[in-house]
Structure formats: structure tokens, C-alpha cells
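Participant: Enclosed is the structure file target.csv (CSV, N, CA and C atoms).
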chain,number,residue,atom,x,y,z
A,74,GLN,N,-117.5,-30.2,69.0
A,74,GLN,CA,-117.8,-30.9,67.7
A,74,GLN,C,-116.7,-30.5,66.7
A,75,LEU,N,-116.2,-31.6,66.0
A,75,LEU,CA,-115.1,-31.3,65.0
A,75,LEU,C,-115.7,-30.7,63.8
A,76,GLN,N,-115.0,-29.7,63.3
A,76,GLN,CA,-115.4,-29.1,62.0
A,76,GLN,C,-114.2,-29.1,61.1
A,77,LEU,N,-114.4,-29.4,59.8
A,77,LEU,CA,-113.3,-29.4,58.8
A,77,LEU,C,-113.6,-28.4,57.8
A,78,ALA,N,-112.5,-27.7,57.4
A,78,ALA,CA,-112.6,-26.7,56.3
A,78,ALA,C,-111.5,-26.8,55.3
A,79,GLU,N,-111.9,-27.1,54.1
A,79,GLU,CA,-110.9,-27.2,53.0
A,79,GLU,C,-110.7,-25.8,52.4
A,80,SER,N,-109.5,-25.6,51.8
A,80,SER,CA,-109.2,-24.4,51.1
A,80,SER,C,-108.0,-24.8,50.1
A,81,GLY,N,-107.7,-23.9,49.2
A,81,GLY,CA,-106.6,-24.0,48.3
A,81,GLY,C,-106.9,-24.5,46.9
A,82,GLY,N,-108.2,-24.8,46.6
A,82,GLY,CA,-108.6,-25.2,45.3
A,82,GLY,C,-108.5,-24.0,44.3
A,83,GLY,N,-108.6,-24.4,43.0
A,83,GLY,CA,-108.6,-23.3,42.0
A,83,GLY,C,-108.4,-24.0,40.6
A,84,SER,N,-108.0,-23.1,39.7
A,84,SER,CA,-107.7,-23.6,38.3
A,84,SER,C,-106.2,-23.6,38.1
A,85,VAL,N,-105.8,-24.6,37.4
A,85,VAL,CA,-104.4,-24.8,37.1
A,85,VAL,C,-104.3,-25.5,35.7
A,86,GLN,N,-103.1,-25.2,35.1
A,86,GLN,CA,-102.9,-25.9,33.8
A,86,GLN,C,-102.3,-27.3,34.0
A,87,TYR,N,-102.4,-28.1,32.9
A,87,TYR,CA,-101.8,-29.4,32.9
A,87,TYR,C,-100.4,-29.3,33.3
A,88,GLY,N,-100.0,-30.3,34.3
A,88,GLY,CA,-98.7,-30.3,34.8
A,88,GLY,C,-98.4,-29.4,36.0
A,89,GLY,N,-99.4,-28.6,36.3
A,89,GLY,CA,-99.2,-27.7,37.5
A,89,GLY,C,-99.4,-28.3,38.8
A,90,SER,N,-99.3,-27.5,39.8
A,90,SER,CA,-99.4,-28.0,41.2
A,90,SER,C,-100.4,-27.2,42.0
A,91,LEU,N,-101.0,-27.8,43.0
A,91,LEU,CA,-101.8,-27.1,44.0
A,91,LEU,C,-101.6,-27.8,45.4
A,92,ARG,N,-101.8,-27.0,46.4
A,92,ARG,CA,-101.8,-27.6,47.8
A,92,ARG,C,-103.1,-27.2,48.4
A,93,LEU,N,-103.8,-28.3,48.8
A,93,LEU,CA,-105.1,-28.1,49.5
A,93,LEU,C,-104.8,-28.2,51.0
A,94,SER,N,-105.6,-27.4,51.7
A,94,SER,CA,-105.5,-27.5,53.2
A,94,SER,C,-106.8,-27.9,53.8
A,95,CYS,N,-106.7,-28.7,54.9
A,95,CYS,CA,-107.9,-29.1,55.6
A,95,CYS,C,-107.7,-28.7,57.1
A,96,THR,N,-108.3,-27.6,57.5
A,96,THR,CA,-108.1,-27.1,58.9
A,96,THR,C,-109.1,-27.7,59.8
A,97,PHE,N,-108.6,-28.2,60.9
A,97,PHE,CA,-109.5,-28.8,62.0
A,97,PHE,C,-109.8,-27.7,63.0
A,98,SER,N,-111.1,-27.7,63.4
A,98,SER,CA,-111.4,-26.8,64.5
A,98,SER,C,-112.4,-27.6,65.5
A,99,GLY,N,-112.2,-27.4,66.7
A,99,GLY,CA,-113.1,-28.1,67.7
A,99,GLY,C,-112.4,-29.3,68.3
A,100,ASP,N,-111.3,-29.8,67.7
A,100,ASP,CA,-110.6,-30.9,68.2
A,100,ASP,C,-109.3,-31.0,67.4
A,101,SER,N,-108.3,-31.8,67.9
A,101,SER,CA,-107.0,-32.0,67.3
A,101,SER,C,-107.1,-33.1,66.2
A,102,TYR,N,-106.4,-32.9,65.1
A,102,TYR,CA,-106.3,-33.9,64.1
A,102,TYR,C,-105.7,-35.2,64.6
A,103,ARG,N,-104.9,-35.1,65.7
A,103,ARG,CA,-104.3,-36.2,66.3
A,103,ARG,C,-105.2,-37.3,66.8
A,104,GLN,N,-106.5,-36.9,67.0
A,104,GLN,CA,-107.5,-37.9,67.4
A,104,GLN,C,-108.1,-38.7,66.3
A,105,TYR,N,-107.8,-38.4,65.1
A,105,TYR,CA,-108.6,-38.8,63.9
A,105,TYR,C,-107.7,-39.5,62.8
A,106,CYS,N,-108.4,-40.4,62.1
A,106,CYS,CA,-107.9,-40.8,60.8
A,106,CYS,C,-108.5,-39.8,59.8
A,107,THR,N,-107.6,-39.2,59.0
A,107,THR,CA,-108.0,-38.2,58.1
A,107,THR,C,-107.7,-38.7,56.7
A,108,ALA,N,-108.7,-38.4,55.8
A,108,ALA,CA,-108.5,-38.8,54.4
A,108,ALA,C,-108.9,-37.6,53.5
A,109,TRP,N,-108.4,-37.7,52.3
A,109,TRP,CA,-108.8,-36.9,51.2
A,109,TRP,C,-109.5,-37.7,50.1
A,110,PHE,N,-110.7,-37.2,49.7
A,110,PHE,CA,-111.5,-37.8,48.7
A,110,PHE,C,-111.7,-36.8,47.6
A,111,ARG,N,-112.2,-37.2,46.4
A,111,ARG,CA,-112.6,-36.3,45.4
A,111,ARG,C,-113.8,-36.9,44.7
A,112,GLN,N,-114.6,-36.0,44.1
A,112,GLN,CA,-115.7,-36.5,43.3
A,112,GLN,C,-115.9,-35.6,42.1
A,113,ALA,N,-115.9,-36.2,40.9
A,113,ALA,CA,-116.2,-35.5,39.7
A,113,ALA,C,-117.6,-35.7,39.3
A,114,PRO,N,-118.2,-34.8,38.6
A,114,PRO,CA,-119.7,-35.0,38.2
A,114,PRO,C,-119.9,-36.4,37.5
A,115,GLY,N,-120.9,-37.1,37.9
A,115,GLY,CA,-121.2,-38.4,37.3
A,115,GLY,C,-120.3,-39.5,37.7
A,116,ARG,N,-119.4,-39.3,38.7
A,116,ARG,CA,-118.5,-40.3,39.1
A,116,ARG,C,-118.7,-40.5,40.6
A,117,GLU,N,-118.2,-41.7,41.1
A,117,GLU,CA,-118.3,-42.0,42.5
A,117,GLU,C,-117.2,-41.3,43.2
A,118,ARG,N,-117.4,-41.1,44.5
A,118,ARG,CA,-116.4,-40.5,45.3
A,118,ARG,C,-115.2,-41.4,45.4
A,119,GLU,N,-114.0,-40.8,45.2
A,119,GLU,CA,-112.8,-41.6,45.2
A,119,GLU,C,-111.8,-41.2,46.3
A,120,GLY,N,-111.4,-42.2,47.1
A,120,GLY,CA,-110.4,-42.0,48.1
A,120,GLY,C,-109.0,-41.8,47.5
A,121,LEU,N,-108.3,-40.8,48.1
A,121,LEU,CA,-107.0,-40.5,47.5
A,121,LEU,C,-105.8,-40.9,48.5
A,122,GLY,N,-106.0,-40.5,49.8
A,122,GLY,CA,-104.9,-40.8,50.7
A,122,GLY,C,-105.4,-40.6,52.1
A,123,THR,N,-104.8,-41.3,53.1
A,123,THR,CA,-105.1,-41.2,54.5
A,123,THR,C,-103.8,-40.9,55.3
A,124,ILE,N,-104.0,-40.3,56.4
A,124,ILE,CA,-102.9,-40.1,57.4
A,124,ILE,C,-103.5,-40.3,58.8
A,125,ASP,N,-102.8,-40.9,59.7
A,125,ASP,CA,-103.3,-41.1,61.0
A,125,ASP,C,-102.4,-40.4,62.1
A,126,SER,N,-102.7,-40.7,63.3
A,126,SER,CA,-102.0,-39.9,64.4
A,126,SER,C,-100.6,-40.2,64.4
A,127,ASP,N,-100.1,-41.4,64.0
A,127,ASP,CA,-98.7,-41.7,63.9
A,127,ASP,C,-98.0,-41.2,62.7
A,128,GLY,N,-98.8,-40.6,61.8
A,128,GLY,CA,-98.2,-40.2,60.5
A,128,GLY,C,-98.2,-41.3,59.5
A,129,ASN,N,-98.8,-42.4,59.7
A,129,ASN,CA,-98.9,-43.5,58.7
A,129,ASN,C,-99.7,-43.0,57.5
A,130,LEU,N,-99.2,-43.2,56.3
A,130,LEU,CA,-99.8,-42.8,55.1
A,130,LEU,C,-100.2,-43.9,54.2
A,131,LYS,N,-101.3,-43.7,53.4
A,131,LYS,CA,-101.7,-44.7,52.4
A,131,LYS,C,-102.3,-43.9,51.3
A,132,TYR,N,-102.0,-44.3,50.0
A,132,TYR,CA,-102.4,-43.6,48.9
A,132,TYR,C,-103.1,-44.6,47.9
A,133,ALA,N,-104.1,-44.0,47.1
A,133,ALA,CA,-104.6,-44.7,46.0
A,133,ALA,C,-103.6,-44.8,44.9
A,134,ASP,N,-103.7,-45.9,44.2
A,134,ASP,CA,-102.7,-46.1,43.1
A,134,ASP,C,-102.8,-45.0,42.0
A,135,SER,N,-104.0,-44.5,41.9
A,135,SER,CA,-104.2,-43.4,40.8
A,135,SER,C,-103.4,-42.1,41.1
A,136,VAL,N,-103.0,-41.9,42.3
A,136,VAL,CA,-102.3,-40.7,42.7
A,136,VAL,C,-101.0,-40.9,43.3
A,137,LYS,N,-100.6,-42.1,43.5
A,137,LYS,CA,-99.3,-42.4,44.2
A,137,LYS,C,-98.2,-41.9,43.3
A,138,GLY,N,-97.3,-41.1,44.0
A,138,GLY,CA,-96.2,-40.5,43.3
A,138,GLY,C,-96.4,-39.1,42.9
A,139,ARG,N,-97.7,-38.7,42.8
A,139,ARG,CA,-98.1,-37.3,42.4
A,139,ARG,C,-98.7,-36.5,43.5
A,140,PHE,N,-99.4,-37.2,44.4
A,140,PHE,CA,-100.1,-36.5,45.5
A,140,PHE,C,-99.4,-36.9,46.8
A,141,THR,N,-99.3,-36.0,47.7
A,141,THR,CA,-98.7,-36.2,49.1
A,141,THR,C,-99.5,-35.6,50.2
A,142,VAL,N,-99.8,-36.5,51.1
A,142,VAL,CA,-100.6,-36.0,52.3
A,142,VAL,C,-99.6,-35.7,53.4
A,143,SER,N,-99.8,-34.6,54.1
A,143,SER,CA,-98.9,-34.2,55.2
A,143,SER,C,-99.7,-33.4,56.3
A,144,ARG,N,-99.1,-33.0,57.3
A,144,ARG,CA,-99.8,-32.3,58.4
A,144,ARG,C,-98.9,-31.3,59.0
A,145,HIS,N,-99.5,-30.3,59.7
A,145,HIS,CA,-98.8,-29.3,60.4
A,145,HIS,C,-99.3,-29.3,61.8
A,146,ASN,N,-98.5,-29.6,62.8
A,146,ASN,CA,-98.9,-29.8,64.1
A,146,ASN,C,-99.5,-28.6,64.7
A,147,ILE,N,-98.8,-27.4,64.6
A,147,ILE,CA,-99.3,-26.2,65.3
A,147,ILE,C,-100.5,-25.7,64.6
A,148,GLU,N,-100.6,-25.8,63.3
A,148,GLU,CA,-101.7,-25.2,62.6
A,148,GLU,C,-102.9,-26.1,62.6
A,149,ASN,N,-102.8,-27.3,63.1
A,149,ASN,CA,-103.9,-28.3,63.2
A,149,ASN,C,-104.5,-28.5,61.8
A,150,THR,N,-103.6,-28.7,60.8
A,150,THR,CA,-104.1,-28.8,59.5
A,150,THR,C,-103.4,-30.0,58.8
A,151,VAL,N,-104.2,-30.6,57.9
A,151,VAL,CA,-103.7,-31.7,57.0
A,151,VAL,C,-103.7,-31.1,55.6
A,152,TYR,N,-102.7,-31.5,54.9
A,152,TYR,CA,-102.5,-30.9,53.5
A,152,TYR,C,-102.6,-32.1,52.5
A,153,LEU,N,-102.9,-31.6,51.3
A,153,LEU,CA,-102.8,-32.5,50.1
A,153,LEU,C,-102.0,-31.7,49.0
A,154,GLN,N,-100.8,-32.1,48.9
A,154,GLN,CA,-99.9,-31.5,47.8
A,154,GLN,C,-100.2,-32.3,46.5
A,155,MET,N,-100.6,-31.6,45.5
A,155,MET,CA,-100.9,-32.3,44.2
A,155,MET,C,-99.9,-31.7,43.1
A,156,ASP,N,-99.2,-32.6,42.6
A,156,ASP,CA,-98.2,-32.2,41.5
A,156,ASP,C,-98.5,-33.0,40.2
A,157,ASN,N,-98.0,-32.4,39.1
A,157,ASN,CA,-98.2,-33.0,37.8
A,157,ASN,C,-99.7,-33.3,37.6
A,158,LEU,N,-100.5,-32.2,37.8
A,158,LEU,CA,-101.9,-32.4,37.7
A,158,LEU,C,-102.3,-32.6,36.2
A,159,ARG,N,-103.4,-33.4,36.1
A,159,ARG,CA,-103.9,-33.7,34.8
A,159,ARG,C,-105.4,-33.3,34.7
A,160,PRO,N,-106.0,-33.1,33.5
A,160,PRO,CA,-107.4,-32.8,33.4
A,160,PRO,C,-108.3,-33.7,34.2
A,161,GLU,N,-107.9,-35.0,34.2
A,161,GLU,CA,-108.8,-36.0,34.9
A,161,GLU,C,-108.7,-35.9,36.4
A,162,ASP,N,-107.9,-35.0,36.9
A,162,ASP,CA,-107.9,-34.7,38.3
A,162,ASP,C,-108.9,-33.7,38.7
A,163,SER,N,-109.6,-33.1,37.7
A,163,SER,CA,-110.6,-32.0,38.0
A,163,SER,C,-111.7,-32.7,38.8
A,164,ALA,N,-112.1,-32.1,39.9
A,164,ALA,CA,-113.1,-32.6,40.8
A,164,ALA,C,-113.3,-31.7,41.9
A,165,MET,N,-114.3,-32.0,42.7
A,165,MET,CA,-114.5,-31.4,44.1
A,165,MET,C,-113.7,-32.2,45.0
A,166,TYR,N,-112.8,-31.6,45.8
A,166,TYR,CA,-112.0,-32.3,46.7
A,166,TYR,C,-112.4,-32.1,48.2
A,167,TYR,N,-112.5,-33.2,48.9
A,167,TYR,CA,-113.0,-33.1,50.3
A,167,TYR,C,-112.0,-33.8,51.3
A,168,CYS,N,-111.9,-33.2,52.4
A,168,CYS,CA,-111.2,-33.9,53.5
A,168,CYS,C,-112.3,-34.5,54.4
A,169,ALA,N,-112.0,-35.6,55.1
A,169,ALA,CA,-112.9,-36.3,55.9
A,169,ALA,C,-112.2,-37.0,57.1
A,170,ALA,N,-112.9,-37.2,58.2
A,170,ALA,CA,-112.2,-37.8,59.3
A,170,ALA,C,-113.1,-38.7,60.1
A,171,PHE,N,-112.6,-39.7,60.8
A,171,PHE,CA,-113.3,-40.4,61.8
A,171,PHE,C,-112.3,-40.6,63.0
A,172,ARG,N,-112.9,-40.7,64.1
A,172,ARG,CA,-112.1,-40.8,65.4
A,172,ARG,C,-111.4,-42.1,65.5
A,173,ALA,N,-110.1,-42.1,65.4
A,173,ALA,CA,-109.3,-43.3,65.5
A,173,ALA,C,-107.9,-42.9,65.5
A,174,TYR,N,-107.0,-43.6,66.2
A,174,TYR,CA,-105.6,-43.2,66.2
A,174,TYR,C,-104.9,-43.8,65.0
A,175,TYR,N,-105.4,-44.9,64.5
A,175,TYR,CA,-104.8,-45.5,63.3
A,175,TYR,C,-105.8,-45.8,62.2
A,176,CYS,N,-105.3,-45.7,61.0
A,176,CYS,CA,-106.1,-46.1,59.9
A,176,CYS,C,-105.3,-46.8,58.9
A,177,LEU,N,-104.9,-48.0,59.2
A,177,LEU,CA,-103.9,-48.7,58.4
A,177,LEU,C,-104.6,-49.7,57.4
A,178,GLY,N,-106.0,-49.8,57.5
A,178,GLY,CA,-106.7,-50.7,56.6
A,178,GLY,C,-107.1,-50.0,55.3
A,179,SER,N,-108.1,-50.5,54.6
A,179,SER,CA,-108.5,-50.0,53.3
A,179,SER,C,-109.6,-49.0,53.4
A,180,TRP,N,-109.3,-47.9,54.2
A,180,TRP,CA,-110.3,-46.9,54.4
A,180,TRP,C,-110.6,-46.1,53.2
A,181,LEU,N,-109.7,-46.1,52.2
A,181,LEU,CA,-110.0,-45.2,51.0
A,181,LEU,C,-111.2,-45.7,50.3
A,182,SER,N,-111.6,-47.0,50.4
A,182,SER,CA,-112.8,-47.5,49.8
A,182,SER,C,-114.0,-47.4,50.7
A,183,ARG,N,-113.9,-46.8,51.8
A,183,ARG,CA,-115.0,-46.7,52.8
A,183,ARG,C,-115.3,-45.3,53.2
A,184,PRO,N,-115.8,-44.5,52.2
A,184,PRO,CA,-116.2,-43.1,52.6
A,184,PRO,C,-117.3,-43.1,53.6
A,185,ASP,N,-118.1,-44.1,53.7
A,185,ASP,CA,-119.2,-44.2,54.7
A,185,ASP,C,-118.7,-44.3,56.1
A,186,ALA,N,-117.4,-44.7,56.3
A,186,ALA,CA,-116.8,-44.8,57.6
A,186,ALA,C,-116.4,-43.4,58.2
A,187,PHE,N,-116.4,-42.4,57.4
A,187,PHE,CA,-115.9,-41.1,57.8
A,187,PHE,C,-117.1,-40.3,58.3
A,188,HIS,N,-117.0,-39.8,59.5
A,188,HIS,CA,-118.2,-39.2,60.1
A,188,HIS,C,-118.2,-37.7,59.9
A,189,PHE,N,-117.0,-37.1,59.6
A,189,PHE,CA,-116.9,-35.7,59.5
A,189,PHE,C,-116.3,-35.3,58.2
A,190,TRP,N,-117.0,-34.3,57.5
A,190,TRP,CA,-116.6,-33.9,56.2
A,190,TRP,C,-116.5,-32.4,56.1
A,191,GLY,N,-115.6,-31.9,55.3
A,191,GLY,CA,-115.6,-30.5,55.0
A,191,GLY,C,-116.6,-30.2,53.8
A,192,GLN,N,-116.6,-29.0,53.4
A,192,GLN,CA,-117.6,-28.5,52.4
A,192,GLN,C,-117.1,-28.7,51.0
A,193,GLY,N,-115.8,-29.0,50.9
A,193,GLY,CA,-115.2,-29.3,49.6
A,193,GLY,C,-114.5,-28.0,49.0
A,194,THR,N,-113.6,-28.3,48.1
A,194,THR,CA,-112.9,-27.2,47.4
A,194,THR,C,-112.7,-27.7,45.9
A,195,GLN,N,-113.0,-26.8,45.0
A,195,GLN,CA,-113.0,-27.3,43.6
A,195,GLN,C,-111.6,-27.1,43.0
A,196,VAL,N,-111.2,-28.2,42.2
A,196,VAL,CA,-110.0,-28.2,41.5
A,196,VAL,C,-110.3,-28.4,40.0
A,197,THR,N,-109.8,-27.5,39.2
A,197,THR,CA,-110.0,-27.6,37.7
A,197,THR,C,-108.7,-27.5,37.0
A,198,VAL,N,-108.4,-28.6,36.2
A,198,VAL,CA,-107.1,-28.7,35.5
A,198,VAL,C,-107.4,-28.6,34.0
A,199,SER,N,-106.8,-27.6,33.4
A,199,SER,CA,-107.1,-27.4,31.9
A,199,SER,C,-105.9,-28.0,31.1
A,200,SER,N,-106.2,-28.4,29.9
A,200,SER,CA,-105.2,-29.1,29.1
A,200,SER,C,-104.5,-28.0,28.2
Will you turn the file into C-alpha cells for me?

Facilitator:
Amino acid sequence: QLQLAESGGGSVQYGGSLRLSCTFSGDSYRQYCTAWFRQAPGREREGLGTIDSDGNLKYADSVKGRFTVSRHNIENTVYLQMDNLRPEDSAMYYCAAFRAYYCLGSWLSRPDAFHFWGQGTQVTVSS
């Protein structure tokens, strides 16, 4: 059974950077479409970016150019590099996955399609 574990959250000032990690256990990330989502209190869960087995990437317009999704083959980990952070980026950040080699469609708007979720990691950006 696949398990996901996020880490790397914390508190940072406006304009700072953080790198979140999503470590896969029980299976290889290569078998999955993986996404990063976030959710702030009182707001809907927002899709940020996806990566698939071929390394195809897709980003939400709200984070394009500031956030980067990548992966590390040996560590079986997917990353979310977040630069130029703003207070409105404060949220709980989650990685999620569903079993598929490709995820080239509009999966960022379909959190219900993702069967596996991590526990989340909190990001707080102060002004």
C-alpha cells in the first residue's frame, strides 16, 4: 500500500523560499501521477502542480514561475520548491497521487481523483 509523507514546511518571511518533500513508501513514484495541493482555513483545496512518470509538469496559474515540482529517482521523493513566497501562500500543503503513468489533463481541479494523500505540512508566510 502506497504511503505519502510530506515534510519541509515551516515559517518564512515574505519573499523567502521553502522546499517541501513528499516521500513515497510502499511503491515507486514512477507508477503514479503526483500532485501538490494546498488548503487554507475557510478556502477550498487548491491544486498547484503535477508531475507524472515521464516528468511532464503542469502548474496552476497562481504559482507558475514561483513554484517548481521535481523528483529524485533514488530517494523516491517528489519536491515542491517554493520561491518568492507571499502571505497568501500560507496554508496546509499536501501531496497526493493516483496510479497512472501520465497526468496531462486538468487534474489540478480534480482532488477527488487522487486516492493517496499525505498528512500535510504547514507553511506560514509572514509579511

Participant: Counting all atoms listed in the file, note down every residue that has an atom within 8 Å of the point (-104.4, -30.1, 56.7) (file coordinates), as number ranges by chain.

Facilitator: A: 78, 93-97, 143-145, 148-153

Participant: Find the distance between atom N of Asn157 in chain A and atom N of Ser199 in chain A and write it in Å to one decimal.

Facilitator: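 Interatomic distance here is 11.5 Å.
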
Participant: I'd like the interatomic distance between atom N of Leu75 in chain A and atom C of Cys106 in chain A, to a tenth of an Å.

Facilitator: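 Going from atom N of Leu75 in chain A over to atom C of Cys106 in chain A, I get 12.8 Å.
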
Participant: Which residues come within 6.5 Å of Gly120 in chain A, counting all atoms listed in the file, excluding same-chain residues fewer than 5 positions away, as an mmCIF file with N, CA and C atoms, in the frame of the given file?

Facilitator:
data_model
loop_
_atom_site.group_PDB
_atom_site.id
_atom_site.type_symbol
_atom_site.label_atom_id
_atom_site.label_comp_id
_atom_site.auth_asym_id
_atom_site.auth_seq_id
_atom_site.Cartn_x
_atom_site.Cartn_y
_atom_site.Cartn_z
ATOM 1 N N TRP A 109 -108.400 -37.700 52.300
ATOM 2 C CA TRP A 109 -108.800 -36.900 51.200
ATOM 3 C C TRP A 109 -109.500 -37.700 50.100
ATOM 4 N N PHE A 110 -110.700 -37.200 49.700
ATOM 5 C CA PHE A 110 -111.500 -37.800 48.700
ATOM 6 C C PHE A 110 -111.700 -36.800 47.600
ATOM 7 N N ARG A 111 -112.200 -37.200 46.400
ATOM 8 C CA ARG A 111 -112.600 -36.300 45.400
ATOM 9 C C ARG A 111 -113.800 -36.900 44.700
ATOM 10 N N ALA A 133 -104.100 -44.000 47.100
ATOM 11 C CA ALA A 133 -104.600 -44.700 46.000
ATOM 12 C C ALA A 133 -103.600 -44.800 44.900
ATOM 13 N N LEU A 181 -109.700 -46.100 52.200
ATOM 14 C CA LEU A 181 -110.000 -45.200 51.000
ATOM 15 C C LEU A 181 -111.200 -45.700 50.300
ATOM 16 N N SER A 182 -111.600 -47.000 50.400
ATOM 17 C CA SER A 182 -112.800 -47.500 49.800
ATOM 18 C C SER A 182 -114.000 -47.400 50.700
#

Participant: Can you find the residues with an atom no farther than 6.5 Å from (-104.3, -35.2, 45.9), counting only N, CA and C atoms, and report them as an MDAnalysis selection string?

Facilitator: chainID A and resid 121 139:141 153:155

Participant: Using DSSP on the backbone, list every residue of chain A that comes out as strand (DSSP E or B), and give them as a ChimeraX atom specification.

Facilitator: /A:76-80,83-86,91-98,105-112,119-124,130-132,137,140-145,150-155,164-172,189-190,194-199
